[in-house]
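Listing of target.cif; format and content: mmCIF, C-alpha atoms.
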```
data_upload
loop_
_atom_site.label_atom_id
_atom_site.label_comp_id
_atom_site.auth_asym_id
_atom_site.auth_seq_id
_atom_site.Cartn_x
_atom_site.Cartn_y
_atom_site.Cartn_z
CA MET G 1 -17.93 11.92 -16.49
CA ALA G 2 -17.48 8.91 -14.26
CA THR G 3 -17.12 5.15 -14.04
CA ARG G 4 -19.04 3.20 -11.43
CA VAL G 5 -17.95 -0.15 -10.02
CA ASP G 6 -20.94 -2.15 -8.75
CA ASP G 7 -20.08 -5.78 -8.19
CA CYS G 8 -21.01 -8.15 -5.37
CA ALA G 9 -17.32 -8.97 -4.81
CA LEU G 10 -16.12 -5.36 -4.67
CA TRP G 11 -16.91 -2.19 -2.77
CA GLN G 12 -19.12 0.17 -4.75
CA VAL G 13 -17.10 3.14 -5.99
CA VAL G 14 -17.40 5.93 -8.55
CA TRP G 15 -14.27 7.19 -10.31
CA LEU G 16 -14.68 10.73 -11.69
CA GLU G 17 -12.86 11.88 -14.80
CA PRO G 18 -10.49 14.70 -13.71
CA GLN G 19 -10.95 16.63 -16.96
CA ALA G 20 -14.75 16.55 -16.73
CA VAL G 21 -15.40 17.73 -13.19
CA ARG G 22 -14.24 20.42 -10.79
CA PRO G 23 -14.74 20.68 -7.04
CA ILE G 24 -16.88 23.43 -5.56
CA VAL G 25 -17.63 24.32 -1.97
CA VAL G 26 -21.35 23.92 -1.26
CA ASP G 27 -21.33 23.90 2.54
CA ALA G 28 -19.07 25.08 5.29
CA PRO G 29 -16.62 22.37 6.31
CA ARG G 30 -17.87 20.14 9.08
CA PRO G 31 -16.05 20.47 12.41
CA VAL G 32 -13.75 17.60 13.23
CA LEU G 33 -15.15 15.65 16.16
CA GLY G 34 -12.95 14.61 19.04
CA TRP G 35 -12.79 10.97 20.08
CA GLU G 36 -15.13 11.40 23.05
CA GLU G 37 -17.74 13.25 20.99
CA LEU G 38 -17.36 10.78 18.13
CA GLN G 39 -18.05 7.93 20.52
CA LYS G 40 -21.42 9.52 21.36
CA VAL G 41 -22.63 10.26 17.81
CA LEU G 42 -21.07 7.56 15.61
CA PRO G 43 -23.51 4.69 15.12
CA GLU G 44 -22.15 1.24 15.74
CA ARG G 45 -22.32 -1.16 12.82
CA PRO G 46 -23.68 -4.59 13.81
CA PRO G 47 -21.74 -7.58 12.47
CA LEU G 48 -24.82 -9.57 11.47
CA GLU G 49 -27.55 -8.78 8.98
CA SER G 50 -30.90 -10.50 8.56
CA GLN G 51 -30.93 -14.29 8.69
CA GLY G 52 -27.55 -14.32 10.39
CA TRP G 53 -25.46 -13.22 7.40
CA TRP G 54 -22.20 -11.47 8.22
CA SER G 55 -22.11 -7.82 7.18
CA PRO G 56 -19.98 -7.28 4.04
CA VAL G 57 -18.75 -4.04 5.63
CA TRP G 58 -17.34 -6.09 8.51
CA GLU G 59 -15.79 -8.57 6.08
CA ALA G 60 -14.05 -5.72 4.24
CA ALA G 61 -13.03 -3.64 7.27
CA THR G 62 -11.59 -6.60 9.14
CA ALA G 63 -9.75 -7.76 5.99
CA VAL G 64 -7.83 -4.46 6.08
CA ALA G 65 -7.06 -4.96 9.77
CA LEU G 66 -6.01 -8.57 9.19
CA ALA G 67 -3.43 -7.48 6.62
CA HIS G 68 -1.96 -4.99 9.11
CA LEU G 69 -2.08 -7.62 11.87
CA LEU G 70 0.01 -10.01 9.84
CA ALA G 71 2.49 -7.25 9.02
CA VAL G 72 3.10 -6.29 12.67
CA SER G 73 3.10 -9.90 13.89
CA GLU G 74 6.53 -10.41 12.30
CA GLY G 75 5.55 -13.99 11.55
CA VAL G 76 4.91 -14.86 15.22
CA ARG G 77 1.74 -16.44 16.57
CA VAL G 78 -0.89 -13.93 17.79
CA THR G 79 -3.26 -14.81 20.64
CA VAL G 80 -6.78 -13.34 20.58
CA PRO G 81 -9.10 -12.97 23.61
CA ASP G 82 -12.41 -14.83 23.60
CA GLY G 83 -15.58 -13.23 22.29
CA LEU G 84 -16.54 -11.55 19.03
CA LEU G 85 -12.92 -10.50 18.47
CA ALA G 86 -11.95 -14.17 18.42
CA ASP G 87 -14.84 -15.03 16.08
CA VAL G 88 -13.50 -12.51 13.59
CA PHE G 89 -9.72 -12.88 13.81
CA ARG G 90 -8.62 -16.01 15.68
CA ARG G 91 -9.26 -18.59 12.95
CA ALA G 92 -7.40 -16.56 10.31
CA LEU G 93 -4.42 -15.81 12.54
CA ASP G 94 -4.17 -19.42 13.72
CA THR G 95 -4.23 -20.62 10.11
CA LEU G 96 -1.80 -18.12 8.60
CA LEU G 97 0.75 -17.92 11.45
CA PRO G 98 2.82 -20.72 13.04
CA PRO G 99 1.25 -22.42 16.08
CA GLU G 100 4.41 -22.78 18.18
CA PRO G 101 5.77 -20.17 20.66
CA PRO G 102 6.69 -17.40 21.02
CA ALA G 103 3.40 -15.52 20.77
CA LYS G 104 2.18 -11.92 20.77
CA SER G 105 -1.08 -10.83 22.40
CA LEU G 106 -3.85 -8.81 20.76
CA ALA G 107 -6.33 -6.56 22.57
CA LEU G 108 -8.80 -3.77 21.84
CA ALA G 109 -7.66 -0.31 22.86
CA GLY G 110 -9.01 3.18 22.34
CA PRO G 111 -11.15 5.96 23.77
CA GLY G 112 -13.39 4.86 26.60
CA LEU G 113 -11.51 1.62 27.30
CA SER G 114 -9.26 0.97 30.26
CA SER G 115 -5.57 0.55 29.52
CA THR G 116 -4.39 -2.88 28.44
CA VAL G 117 -1.11 -4.75 28.45
CA ALA G 118 -0.83 -6.26 24.98
CA ASP G 119 1.82 -6.50 22.30
CA ILE G 120 -0.61 -5.45 19.56
CA GLU G 121 -3.57 -3.14 20.05
CA LEU G 122 -6.56 -2.88 17.71
CA VAL G 123 -7.50 0.82 17.70
CA PRO G 124 -10.11 2.94 15.87
CA LEU G 125 -9.49 4.91 12.70
CA HIS G 126 -11.06 8.38 12.78
CA PRO G 127 -13.76 8.48 10.05
CA GLN G 128 -13.21 12.18 9.26
CA THR G 129 -9.43 12.60 9.40
CA GLY G 130 -8.07 9.08 8.93
CA GLU G 131 -6.15 9.57 12.19
CA ILE G 132 -5.19 6.43 14.09
CA TRP G 133 -5.90 6.59 17.82
CA ALA G 134 -2.62 7.20 19.63
CA SER G 135 -1.28 4.31 21.71
CA ASP G 136 1.92 3.44 23.52
CA ALA G 137 1.73 -0.22 22.52
CA GLU G 138 4.52 -1.95 20.68
CA ALA G 139 2.32 -2.11 17.59
CA VAL G 140 -1.13 -0.77 16.66
CA VAL G 141 -3.55 -1.92 13.99
CA PRO G 142 -6.27 0.46 12.71
CA LEU G 143 -9.88 -0.63 12.32
CA ALA G 144 -12.85 1.29 10.89
CA ALA G 145 -14.35 3.28 13.77
CA ASP G 146 -17.94 2.02 13.47
CA VAL G 147 -16.79 -1.61 13.54
CA TRP G 148 -14.39 -0.88 16.39
CA MET G 149 -17.16 0.82 18.39
CA TYR G 150 -19.32 -2.29 18.19
CA LEU G 151 -16.46 -4.57 19.26
CA ALA G 152 -15.58 -2.28 22.15
CA PHE G 153 -18.95 -1.31 23.61
CA ASN G 154 -21.92 -3.19 22.23
CA ASP G 155 -23.96 -5.53 24.38
CA SER G 156 -27.09 -6.28 22.39
CA ARG G 157 -28.52 -8.70 24.96
CA ARG G 158 -31.65 -7.59 26.85
CA LEU G 159 -32.06 -9.81 29.90
CA LEU G 160 -35.49 -10.34 31.50
CA PRO G 161 -36.42 -12.37 34.56
CA ALA G 162 -36.88 -15.99 33.61
CA MET G 163 -40.37 -17.45 33.91
CA ARG G 164 -41.75 -20.96 34.30
CA ARG G 165 -39.71 -23.68 35.95
CA LEU G 166 -36.44 -21.72 36.14
CA PRO G 167 -35.10 -20.78 39.58
CA GLU G 168 -35.89 -17.33 40.93
CA GLY G 169 -33.26 -14.76 39.98
CA VAL G 170 -32.30 -16.51 36.72
CA TYR G 171 -32.48 -14.32 33.62
CA ARG G 172 -33.09 -15.18 30.00
CA ASP G 173 -32.41 -13.50 26.66
CA ASP G 174 -35.26 -11.50 25.14
CA PRO G 175 -35.29 -11.67 22.22
CA LEU G 176 -32.99 -14.60 21.53
CA PRO G 177 -29.66 -13.36 20.12
CA LEU G 178 -29.15 -13.53 16.36
CA LEU G 179 -26.53 -16.16 15.57
CA PRO G 180 -24.28 -16.25 12.47
CA SER G 181 -25.21 -18.67 9.71
CA ARG G 182 -21.57 -19.62 9.09
CA LEU G 183 -18.01 -18.96 10.22
CA PHE G 184 -16.64 -15.50 9.58
CA HIS G 185 -14.89 -14.93 6.24
CA HIS G 186 -12.71 -11.94 5.32
CA ASP G 187 -12.96 -10.21 1.96
CA ARG G 188 -10.15 -11.74 -0.07
CA TYR G 189 -9.83 -8.89 -2.57
CA VAL G 190 -9.67 -6.19 0.11
CA PHE G 191 -7.14 -8.24 2.09
CA LEU G 192 -4.84 -8.77 -0.88
CA GLY G 193 -5.19 -5.15 -2.02
CA THR G 194 -4.19 -3.92 1.42
CA LEU G 195 -1.36 -6.40 1.92
CA GLU G 196 0.29 -5.66 -1.40
CA ARG G 197 0.61 -1.97 -0.45
CA LEU G 198 2.39 -2.66 2.84
CA PRO G 199 6.20 -2.60 2.78
CA GLU G 200 6.30 -5.69 5.05
CA VAL G 201 4.98 -7.82 2.18
CA ARG G 202 8.56 -7.88 0.84
CA GLN G 203 9.54 -10.16 3.72
CA PRO G 204 9.75 -13.76 2.42
CA TRP G 205 7.35 -15.28 4.97
CA LEU G 206 4.64 -12.69 4.31
CA ARG G 207 5.21 -12.72 0.57
CA ALA G 208 4.63 -16.48 0.62
CA ILE G 209 1.22 -15.94 2.27
CA TYR G 210 0.33 -13.26 -0.26
CA ASP G 211 1.35 -15.39 -3.26
CA ASP G 212 -0.56 -18.40 -1.95
CA LEU G 213 -3.78 -16.43 -1.45
CA ARG G 214 -3.42 -14.57 -4.74
CA ASP G 215 -2.94 -17.76 -6.78
CA ARG G 216 -5.64 -19.81 -5.08
CA ARG G 217 -9.13 -18.81 -6.16
CA THR G 218 -10.78 -20.31 -3.08
CA TYR G 219 -9.65 -20.30 0.52
CA ASP G 220 -11.56 -21.29 3.63
CA LEU G 221 -10.81 -17.99 5.40
CA PHE G 222 -11.92 -15.77 2.53
CA TRP G 223 -14.68 -15.49 -0.04
#
```
Once more with this new file: its structure as structure tokens, please.
Amino acid sequence: MATRVDDCALWQVVWLEPQAVRPIVVDAPRPVLGWEELQKVLPERPPLESQGWWSPVWEAATAVALAHLLAVSEGVRVTVPDGLLADVFRRALDTLLPPEPPAKSLALAGPGLSSTVADIELVPLHPQTGEIWASDAEAVVPLAADVWMYLAFNDSRRLLPAMRRLPEGVYRDDPLPLLPSRLFHHDRYVFLGTLERLPEVRQPWLRAIYDDLRDRRTYDLFW
């Protein structure tokens, strides 16, 4: 009736045989949540798991976004603001795109965030409808909503008054923040699978990146 893919390098998926199954309605359809309501109920997905390992969901979701980022960059350098967004995307963009000017700017945009002035905006993808959050930016790049929510709103630091030998009014982390065990890597298979379906991959500069990553079994930016 079905074939299941369960491999450490691939997303788990089950492919049903069309001739062996038929859909039936078991529950009333769930109401589609608006962006404001979704922001309240959708759990954020932390980027780090135990022992500082990067979440494979983050590695896959950001690989999709990276492919779209390259496509809308038009082969021009993309600047990334400091913080977790830079930890995830800056190294890959600096490696795959030319370092010289001109450059395009990248920023987070979406529900609950103040308006930005950026050439490329990273916006959430609605988990129920697949709708991309509407933006007036020159170019938008979709990102899985739970990952986007964490990038946009999470502040996992709990600050307590410092004790012993530190000046009054100084605060410390409690508990100490979990740090990554290595640099961030994107999922190579998800990245290539996304890039090859984009029409921009026919452009010579982007096709050269695709061919290089497809033919090389190892690459510092990917696993």
*In terms of the shortest atom-to-atom distance over only C-alpha atoms, which of G:Pro199, G:Asp119, G:Ser135, G:Asn154 is closest to Glu44 (chain G)?*
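Closest to Glu44 (chain G) of all the choices is G:Asn154.
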_Applying 9 Å and all atoms listed in the file, which residues near Leu66 (chain G) remain after dropping the ones on its own chain fewer than 5 positions away? List them as a list in words._
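Non-adjacent residues within range: Ala61, Ala71, Phe89, Ala92, Leu93, Val141, His186, Phe191 and Leu195 of chain G.
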Next, the residues of the selection above should be written as a PDB file, in the coordinates of the input with C-alpha atoms.
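As a result, part.pdb now contains:
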```pdb
ATOM      1  CA  ALA G  61     -13.030  -3.640   7.270  1.00  0.00           C
ATOM      2  CA  ALA G  71       2.490  -7.250   9.020  1.00  0.00           C
ATOM      3  CA  PHE G  89      -9.720 -12.880  13.810  1.00  0.00           C
ATOM      4  CA  ALA G  92      -7.400 -16.560  10.310  1.00  0.00           C
ATOM      5  CA  LEU G  93      -4.420 -15.810  12.540  1.00  0.00           C
ATOM      6  CA  VAL G 141      -3.550  -1.920  13.990  1.00  0.00           C
ATOM      7  CA  HIS G 186     -12.710 -11.940   5.320  1.00  0.00           C
ATOM      8  CA  PHE G 191      -7.140  -8.240   2.090  1.00  0.00           C
ATOM      9  CA  LEU G 195      -1.360  -6.400   1.920  1.00  0.00           C
TER      10      LEU G 195
END
```
*Work out how far apart CA of Leu221 (chain G) and CA of Arg77 (chain G) are and give it in Å to one decimal.*
16.9 Å
_Could you list, as a ChimeraX atom specification, every residue matched by the PyMOL selection byres ((chain G and resi 55-60) around 12) in this structure?_
/G:8-12,44-54,61-67,84-85,87-89,143-148,150-151,180-194,221-223
_Best match for closeness to Ala20 (chain G) among G:Ala139, G:Trp35, G:Met1, G:Asp7, counting only C-alpha atoms_ = G:Met1
Listed atoms of region 14-19 of chain G boxed along x, y and z, 6 Å each side, centre and edge lengths in Å, one decimal, as AutoDock Vina command-line options:
```
--center_x -13.9 --center_y 11.3 --center_z -12.8 --size_x 18.9 --size_y 22.7 --size_z 20.4
```
_Answer key for the PyMOL selection byres ((chain G and resi 200) around 12), residues as a list in words_ =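 Evaluating the PyMOL selection byres ((chain G and resi 200) around 12) on this file yields Ala67, His68, Leu69, Leu70, Ala71, Val72, Ser73, Glu74, Gly75, Thr194, Leu195, Glu196, Arg197, Leu198, Pro199, Val201, Arg202, Gln203, Pro204, Trp205, Leu206, Arg207, Ala208, Ile209 and Tyr210 of chain G.
Distance annotation: of G:Pro18, G:Pro31, G:Pro101, G:Gly83, the residue with the minimal separation from Gln128 (chain G) is G:Pro31; atom set is only C-alpha atoms.
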*One decimal, Å: what's the distance from CA of Leu38 (chain G) over to CA of Glu121 (chain G), could you say?*
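Distance reported for this atom pair: 19.7 Å.
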*Could you jot down the CA of Asp6 (chain G) to CA of Leu42 (chain G) separation for me, Å, one decimal place?*
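It comes out at 26.2 Å.
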*Near Leu108 (chain G), within 10 Å and counting all atoms listed in the file, which residues show up once chain neighbours fewer than 6 positions away are dropped, as a ChimeraX atom specification?*
/G:80-81,85,114-116,118,120-124,140-141,148,151-152
*With all atoms listed in the file as the basis for distance, which of G:Arg90, G:Lys104, G:Arg216, G:His126 is at the shortest distance from Glu138 (chain G)?*
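Ranked by minimum distance to Glu138 (chain G), first place goes to G:Lys104.
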Could you extract region 33-65 of chain G of the given structure into a file holding C-alpha atoms, as a CSV table (one decimal), in the first residue's frame?
```
chain,number,residue,atom,x,y,z
G,33,LEU,CA,-5.8,30.6,11.0
G,34,GLY,CA,-4.9,34.1,10.2
G,35,TRP,CA,-1.4,35.4,10.6
G,36,GLU,CA,-2.0,37.1,14.0
G,37,GLU,CA,-3.7,34.0,15.4
G,38,LEU,CA,-1.1,31.7,14.0
G,39,GLN,CA,1.6,33.7,15.7
G,40,LYS,CA,-0.1,33.0,19.0
G,41,VAL,CA,-0.6,29.2,18.6
G,42,LEU,CA,2.3,28.0,16.4
G,43,PRO,CA,5.1,26.7,18.5
G,44,GLU,CA,8.6,28.1,17.6
G,45,ARG,CA,11.1,25.5,16.6
G,46,PRO,CA,14.5,26.0,18.4
G,47,PRO,CA,17.6,25.7,16.2
G,48,LEU,CA,19.6,23.7,18.6
G,49,GLU,CA,19.0,20.2,20.0
G,50,SER,CA,20.7,18.5,23.0
G,51,GLN,CA,24.5,18.9,23.2
G,52,GLY,CA,24.4,21.8,20.8
G,53,TRP,CA,23.5,19.9,17.6
G,54,TRP,CA,21.7,21.9,15.0
G,55,SER,CA,18.2,20.8,14.3
G,56,PRO,CA,17.8,18.8,11.0
G,57,VAL,CA,14.5,20.6,10.5
G,58,TRP,CA,16.4,23.9,10.5
G,59,GLU,CA,19.0,22.5,8.1
G,60,ALA,CA,16.3,21.4,5.7
G,61,ALA,CA,14.0,24.5,6.0
G,62,THR,CA,16.9,26.9,5.5
G,63,ALA,CA,18.2,24.9,2.6
G,64,VAL,CA,14.9,25.6,0.8
G,65,ALA,CA,15.2,29.3,1.6
```
